[in-house]
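These notes concern the structure reproduced below.
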Amino acid sequence: MKIKDKLLKSWRGGRLPFVILVVLFFMMAVSVWVISIRAGIVILAFSAAMVIFLLWFFRYGKGDLKRMLISFSMDQSQLQYQLMKELPFPYALVDENGKIFWVNEAFDAICASDLVRYRSVHSLFPEIKKSDLTDMTEKEYHVTYKEKHFKISFYEILTPEVLEESEDSYLFAMCLADETEIIRMDQEIQEQRMVVGVAYLDNYEEIVSQVEEVRMALIIAHIDRKVTKYFSQMGGIVKKIERDKYFLALPQKNIETMREDKFYILDEIRDIKIGNDQHITMSIGLGMGEGSYETRYEYSRAAVEMALGRGGDQVAIKSGDDIEYIGGSAQTVSRTTRVKARVKAHALKELLMNNDNVLIMAHKMPDLDAIGAAVGVYRIATSQGKRVHIVLDEISSSIRPVVERLNTAAGPGVNMFIGGEAAEEMMSDNTLLIIVDTNRGSYTEFPELLEMSSSVVVIDHHRRSNDSIEHAVLDYVEPYASSACEMVVEILQYIGEDIKMKVDEADSMYAGIVMDTNNFINKTGVRTFEAAAYLRRQGADTVRVRKLFRENMDEYKARAEAVRDSEIYLDKFALSVCPSEGLESPTIAGAQAANELLDIKGVEASIVLTAYNDKIYLSARSIDSVNVQVIMERLGGGGHGTMAGAQITGCTIEEAMEYVKVTLHDMTEEGVI
């Protein structure tokens, strides 16, 4: 049956008759050869010439034959031909190789100038690839041609047996649909879609406390006028909903203009000076994208909370799961009010009352600030009669003296620190997980605990990032604070006045503040000294704390070498590499070297790279003019304005340094830093 089908297909394709004819000619030549050799040679020569001609015809004359057959079939039905030719929709016939055989008048009117030069689909419309031509019926293409937009569809109209002997040959009808007007209208709808936003004055309470009432009225009137003028120019409306909050609505088409001018309203608000010593800053959250107005309003509220969590003075634009930050390059100013700390302390106390067990966890490779904050929370939880443990798997040389002293002070039989696996076994519905000194789940000591816990508390002083922990029942992220220890000290004071800390616990928390402020130099405010004074009253001793910072000779030499081999890039960035060989905690030495580089005149920011455990660790520090947090975010890390870090994998230390230089150059050119 198969042989019969193949013979039938070959006969329809026109190949079998020619083969039979050639065979008959050769048989005749052989017969004549027997009678006369000369006559046989002549007939044989003519037969060979005929074979050559037929081979050439099947190889190169196939297209002409196909066009002839198509024209012939069209001419058989003049009415049908006329309808197809005058069809108002662009229409063409194409083979499986993309070659165009016939077009109607509408198609010719669109592509007449190019049809002479280009006779294939992929050359006429580059969006259609050659590799797609074998399966065009299952795809639609959207192309741009002569400033117009078309949708191209393909339909198989002839079976393979009609014109070809090959089973893989096809003939397609190609239809063009002009969608230029549809795309224009859709774009216009998108541009007219309303973006919902909210704007908050970050430090309203602080300004009120330092400015007399008359001047404050002038300041608020000045802010109202600037905000209304700016958003009115962008086609938006502004409604003041509270004394320090505004509701915004504006068309989406103007968002790109505001991106380009970097929301200069932030600079105008910051430059207002009417008797106020402290700069006024504003945070703006915008919600856009698909969905209802209510959804976009929720986006805007989430966006402004993210902006505030990153230190304020910036714009956050949220569209679905994507969020974009603009601004935030200025340094944050410390707040003097402790109302938020009191509210969070009371909320934490209620959570402790509703849970039996407490686990405390910091970030990977914890430093003294992380350990000190964990110890402070440990003391708070034990004062409420809870079973408490600090999750700690890896003990570096920088925290080992503190951990050993705390374990000794805790006494025999008390497991103050436990590993991640032991903590995993203790997890239950009545376990409260408290994260300190980080708000990113992937940075925690044992991320698996986050997935297991239903009650999570976050206490951190770093700016928020896109992958911050979202399901926390209590979220206290305060980038204005100098350290996590400072925040925990304030909470501890509001939990209860009768809490008495052990001297080793007070020392560890005091050491955390000293380390993150670089001995009370960086990001130190009034509340920082108040926290330090409280710890001193609890028994913290500066001499014992100083001993905790002593290092061995190898670490000191590594830090000195990093400072000695540093280079100045773009006249203000100090860049260096800290050696890691022979060091137990090379990242600590790198961070210390970054701090020391700030003592060099002309250096506004420093970045030190350290290779450790197949990763490149970046430690970034600054004094005031450069926000290193935005630099480290560009490199995949985070932190806050004067102290930040990042990790780079899959490259050498030289490649990482070049990557840092390119990033600094690009951000300087963009005006971000």
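Letters A, B, ... mark the chains of the structure tokens in the order given; residue numbers begin at 1 per chain; ligand numbers begin at 1, in order shown.
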Looking only at the backbone, which of the residues in segment 386-488 of chain A does DSSP tag as alpha helix (DSSP H), as JSON, numbers by chain?
-> {"A": [400, 401, 402, 403, 404, 405, 406, 407, 408, 409, 410, 420, 421, 422, 423, 424, 425, 426, 448, 449, 450, 451, 452, 484, 485, 486, 487, 488]}
Per residue of segment 513-632 of chain A within 8 Å of segment 389-404 of chain A, record the nearest atom pair and its distance in Å to one decimal, counting only C-alpha atoms, with rows in chain order and ascending residue number, as a Markdown table.
```
| residue | atom | partner | partner_atom | distance |
| --- | --- | --- | --- | --- |
| A:Leu548 | CA | A:Pro401 | CA | 6.7 |
| A:Phe549 | CA | A:Ser398 | CA | 7.6 |
| A:Glu584 | CA | A:Ser397 | CA | 6.2 |
| A:Ser585 | CA | A:Ser396 | CA | 6.0 |
| A:Ile588 | CA | A:Ser398 | CA | 7.2 |
```
What's the 9 Å shell around segment 619-627 of chain A, counting only C-alpha atoms, without same-chain residues fewer than 3 positions away, as an NGL selection string?
-> :A and (328-331 or 521-523 or 587 or 590-595 or 597-598 or 603-610 or 630-632 or 640-646 or 673)
Atoms to include: C-alpha atoms. Write the selected residues as an mmCIF file, in the first residue's frame.
```
data_model
loop_
_atom_site.group_PDB
_atom_site.id
_atom_site.type_symbol
_atom_site.label_atom_id
_atom_site.label_comp_id
_atom_site.auth_asym_id
_atom_site.auth_seq_id
_atom_site.Cartn_x
_atom_site.Cartn_y
_atom_site.Cartn_z
ATOM 1 C CA GLY A 328 18.085 58.665 48.347
ATOM 2 C CA SER A 329 21.670 59.777 47.743
ATOM 3 C CA ALA A 330 21.658 62.210 50.658
ATOM 4 C CA GLN A 331 22.684 61.086 54.117
ATOM 5 C CA ILE A 521 32.460 58.995 64.695
ATOM 6 C CA ASN A 522 30.039 57.823 61.996
ATOM 7 C CA LYS A 523 26.261 58.248 62.058
ATOM 8 C CA THR A 587 36.377 40.396 56.060
ATOM 9 C CA GLY A 590 38.817 44.576 55.193
ATOM 10 C CA ALA A 591 36.100 46.533 56.986
ATOM 11 C CA GLN A 592 38.644 48.045 59.372
ATOM 12 C CA ALA A 593 40.864 49.029 56.446
ATOM 13 C CA ALA A 594 37.900 50.754 54.789
ATOM 14 C CA ASN A 595 37.362 52.778 57.968
ATOM 15 C CA LEU A 597 41.070 54.952 54.508
ATOM 16 C CA LEU A 598 38.517 57.633 55.381
ATOM 17 C CA VAL A 603 38.795 60.618 50.331
ATOM 18 C CA GLU A 604 35.000 60.811 50.433
ATOM 19 C CA ALA A 605 34.343 57.061 50.305
ATOM 20 C CA SER A 606 36.361 53.863 50.506
ATOM 21 C CA ILE A 607 35.796 50.360 49.162
ATOM 22 C CA VAL A 608 37.957 47.395 50.168
ATOM 23 C CA LEU A 609 37.717 44.020 48.452
ATOM 24 C CA THR A 610 38.502 40.763 50.255
ATOM 25 C CA VAL A 630 23.270 53.124 46.686
ATOM 26 C CA ILE A 631 26.663 52.040 45.322
ATOM 27 C CA MET A 632 26.504 48.663 47.023
ATOM 28 C CA HIS A 640 23.050 52.338 54.861
ATOM 29 C CA GLY A 641 24.511 55.683 53.921
ATOM 30 C CA THR A 642 27.916 55.534 55.601
ATOM 31 C CA MET A 643 28.417 51.773 55.915
ATOM 32 C CA ALA A 644 27.462 49.149 53.344
ATOM 33 C CA GLY A 645 28.703 45.973 51.722
ATOM 34 C CA ALA A 646 28.176 43.475 48.925
ATOM 35 C CA ILE A 673 26.743 59.867 43.397
#
```
Within 12 Å of Val42 of chain A using only C-alpha atoms, minus same-chain residues under 3 positions, as a ChimeraX atom specification = /A:25-26,28-30,32-33,36-39,45-49
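Contact shell of Arg270 of chain A at 8 Å (only C-alpha atoms; same-chain neighbours under 3 positions omitted): A:Leu266, A:Asp267, A:His279, A:Ile280, A:Thr281, A:Met282.
Nearest residue to Ala341 of chain A, choosing from A:Val214, A:Ile435, A:Ile459, A:Met487 and counting only C-alpha atoms: A:Met487.
Among A:Leu368, A:Ile41, A:Ile326, A:Ile600, the residue with the shortest atom-to-atom distance to Asp261 of chain A, counting only C-alpha atoms, is A:Ile326.
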Find the residues near Leu432 of chain A: any atom within 10 Å, counting only C-alpha atoms, skip ones fewer than 5 places away on the same chain, and give them as a PyMOL selection string.
-> chain A and resi 351-352+354-360+388+427+453-457+473
May I have the residues from that selection written out with N, CA, C and O atoms, as a PDB file, in the first residue's frame?
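again_4.pdb was written with the following content:
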```pdb
ATOM      1  N   LEU A 351       3.908  40.222  71.893  1.00  0.00           N
ATOM      2  CA  LEU A 351       4.269  39.011  71.152  1.00  0.00           C
ATOM      3  C   LEU A 351       4.986  38.014  72.054  1.00  0.00           C
ATOM      4  O   LEU A 351       4.773  36.797  71.951  1.00  0.00           O
ATOM      5  N   LEU A 352       5.853  38.506  72.938  1.00  0.00           N
ATOM      6  CA  LEU A 352       6.551  37.622  73.865  1.00  0.00           C
ATOM      7  C   LEU A 352       5.572  36.946  74.819  1.00  0.00           C
ATOM      8  O   LEU A 352       5.747  35.777  75.189  1.00  0.00           O
ATOM      9  N   ASN A 354       2.617  36.031  74.104  1.00  0.00           N
ATOM     10  CA  ASN A 354       1.794  35.056  73.384  1.00  0.00           C
ATOM     11  C   ASN A 354       2.585  33.867  72.861  1.00  0.00           C
ATOM     12  O   ASN A 354       2.020  33.001  72.182  1.00  0.00           O
ATOM     13  N   ASN A 355       3.891  33.815  73.135  1.00  0.00           N
ATOM     14  CA  ASN A 355       4.730  32.718  72.664  1.00  0.00           C
ATOM     15  C   ASN A 355       5.565  32.165  73.820  1.00  0.00           C
ATOM     16  O   ASN A 355       5.930  32.904  74.746  1.00  0.00           O
ATOM     17  N   ASP A 356       5.847  30.875  73.751  1.00  0.00           N
ATOM     18  CA  ASP A 356       6.597  30.218  74.825  1.00  0.00           C
ATOM     19  C   ASP A 356       8.099  30.212  74.574  1.00  0.00           C
ATOM     20  O   ASP A 356       8.885  30.374  75.504  1.00  0.00           O
ATOM     21  N   ASN A 357       8.508  29.997  73.325  1.00  0.00           N
ATOM     22  CA  ASN A 357       9.925  29.904  72.981  1.00  0.00           C
ATOM     23  C   ASN A 357      10.330  31.066  72.086  1.00  0.00           C
ATOM     24  O   ASN A 357       9.520  31.569  71.292  1.00  0.00           O
ATOM     25  N   VAL A 358      11.581  31.457  72.199  1.00  0.00           N
ATOM     26  CA  VAL A 358      12.109  32.554  71.389  1.00  0.00           C
ATOM     27  C   VAL A 358      13.454  32.132  70.807  1.00  0.00           C
ATOM     28  O   VAL A 358      14.328  31.642  71.527  1.00  0.00           O
ATOM     29  N   LEU A 359      13.596  32.328  69.502  1.00  0.00           N
ATOM     30  CA  LEU A 359      14.872  32.113  68.817  1.00  0.00           C
ATOM     31  C   LEU A 359      15.325  33.440  68.225  1.00  0.00           C
ATOM     32  O   LEU A 359      14.524  34.159  67.605  1.00  0.00           O
ATOM     33  N   ILE A 360      16.591  33.758  68.421  1.00  0.00           N
ATOM     34  CA  ILE A 360      17.149  35.023  67.941  1.00  0.00           C
ATOM     35  C   ILE A 360      18.220  34.701  66.905  1.00  0.00           C
ATOM     36  O   ILE A 360      19.082  33.853  67.137  1.00  0.00           O
ATOM     37  N   VAL A 388      14.834  31.011  75.729  1.00  0.00           N
ATOM     38  CA  VAL A 388      15.453  31.797  74.656  1.00  0.00           C
ATOM     39  C   VAL A 388      16.782  31.175  74.253  1.00  0.00           C
ATOM     40  O   VAL A 388      17.543  30.686  75.102  1.00  0.00           O
ATOM     41  N   MET A 427      11.647  24.525  66.550  1.00  0.00           N
ATOM     42  CA  MET A 427      10.600  25.347  65.959  1.00  0.00           C
ATOM     43  C   MET A 427       9.227  24.714  66.161  1.00  0.00           C
ATOM     44  O   MET A 427       9.050  23.511  65.995  1.00  0.00           O
ATOM     45  N   SER A 453       8.838  29.446  60.390  1.00  0.00           N
ATOM     46  CA  SER A 453       8.230  30.252  61.454  1.00  0.00           C
ATOM     47  C   SER A 453       7.007  31.009  60.952  1.00  0.00           C
ATOM     48  O   SER A 453       6.998  31.555  59.847  1.00  0.00           O
ATOM     49  N   SER A 454       5.995  31.057  61.787  1.00  0.00           N
ATOM     50  CA  SER A 454       4.789  31.825  61.477  1.00  0.00           C
ATOM     51  C   SER A 454       4.786  33.181  62.174  1.00  0.00           C
ATOM     52  O   SER A 454       3.957  34.031  61.865  1.00  0.00           O
ATOM     53  N   SER A 455       5.707  33.382  63.125  1.00  0.00           N
ATOM     54  CA  SER A 455       5.803  34.645  63.859  1.00  0.00           C
ATOM     55  C   SER A 455       7.244  35.136  63.781  1.00  0.00           C
ATOM     56  O   SER A 455       8.133  34.556  64.395  1.00  0.00           O
ATOM     57  N   VAL A 456       7.464  36.186  62.991  1.00  0.00           N
ATOM     58  CA  VAL A 456       8.811  36.715  62.776  1.00  0.00           C
ATOM     59  C   VAL A 456       8.833  38.189  63.152  1.00  0.00           C
ATOM     60  O   VAL A 456       7.927  38.950  62.804  1.00  0.00           O
ATOM     61  N   VAL A 457       9.879  38.587  63.866  1.00  0.00           N
ATOM     62  CA  VAL A 457      10.107  39.986  64.230  1.00  0.00           C
ATOM     63  C   VAL A 457      11.431  40.417  63.611  1.00  0.00           C
ATOM     64  O   VAL A 457      12.415  39.670  63.660  1.00  0.00           O
ATOM     65  N   VAL A 473       5.528  39.810  61.590  1.00  0.00           N
ATOM     66  CA  VAL A 473       4.397  40.313  62.372  1.00  0.00           C
ATOM     67  C   VAL A 473       4.752  41.629  63.055  1.00  0.00           C
ATOM     68  O   VAL A 473       3.873  42.408  63.413  1.00  0.00           O
TER      69      VAL A 473
END
```
Which of these residues is nearest to Ile495 of chain A, using only C-alpha atoms: A:Val526, A:Leu618, A:Leu348, A:Ile182?
-> A:Leu348
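Taking only C-alpha atoms into account, Ile43 of chain A lies nearest to A:Met27 out of the set A:Met27, A:Val414, A:Glu561, A:His462.
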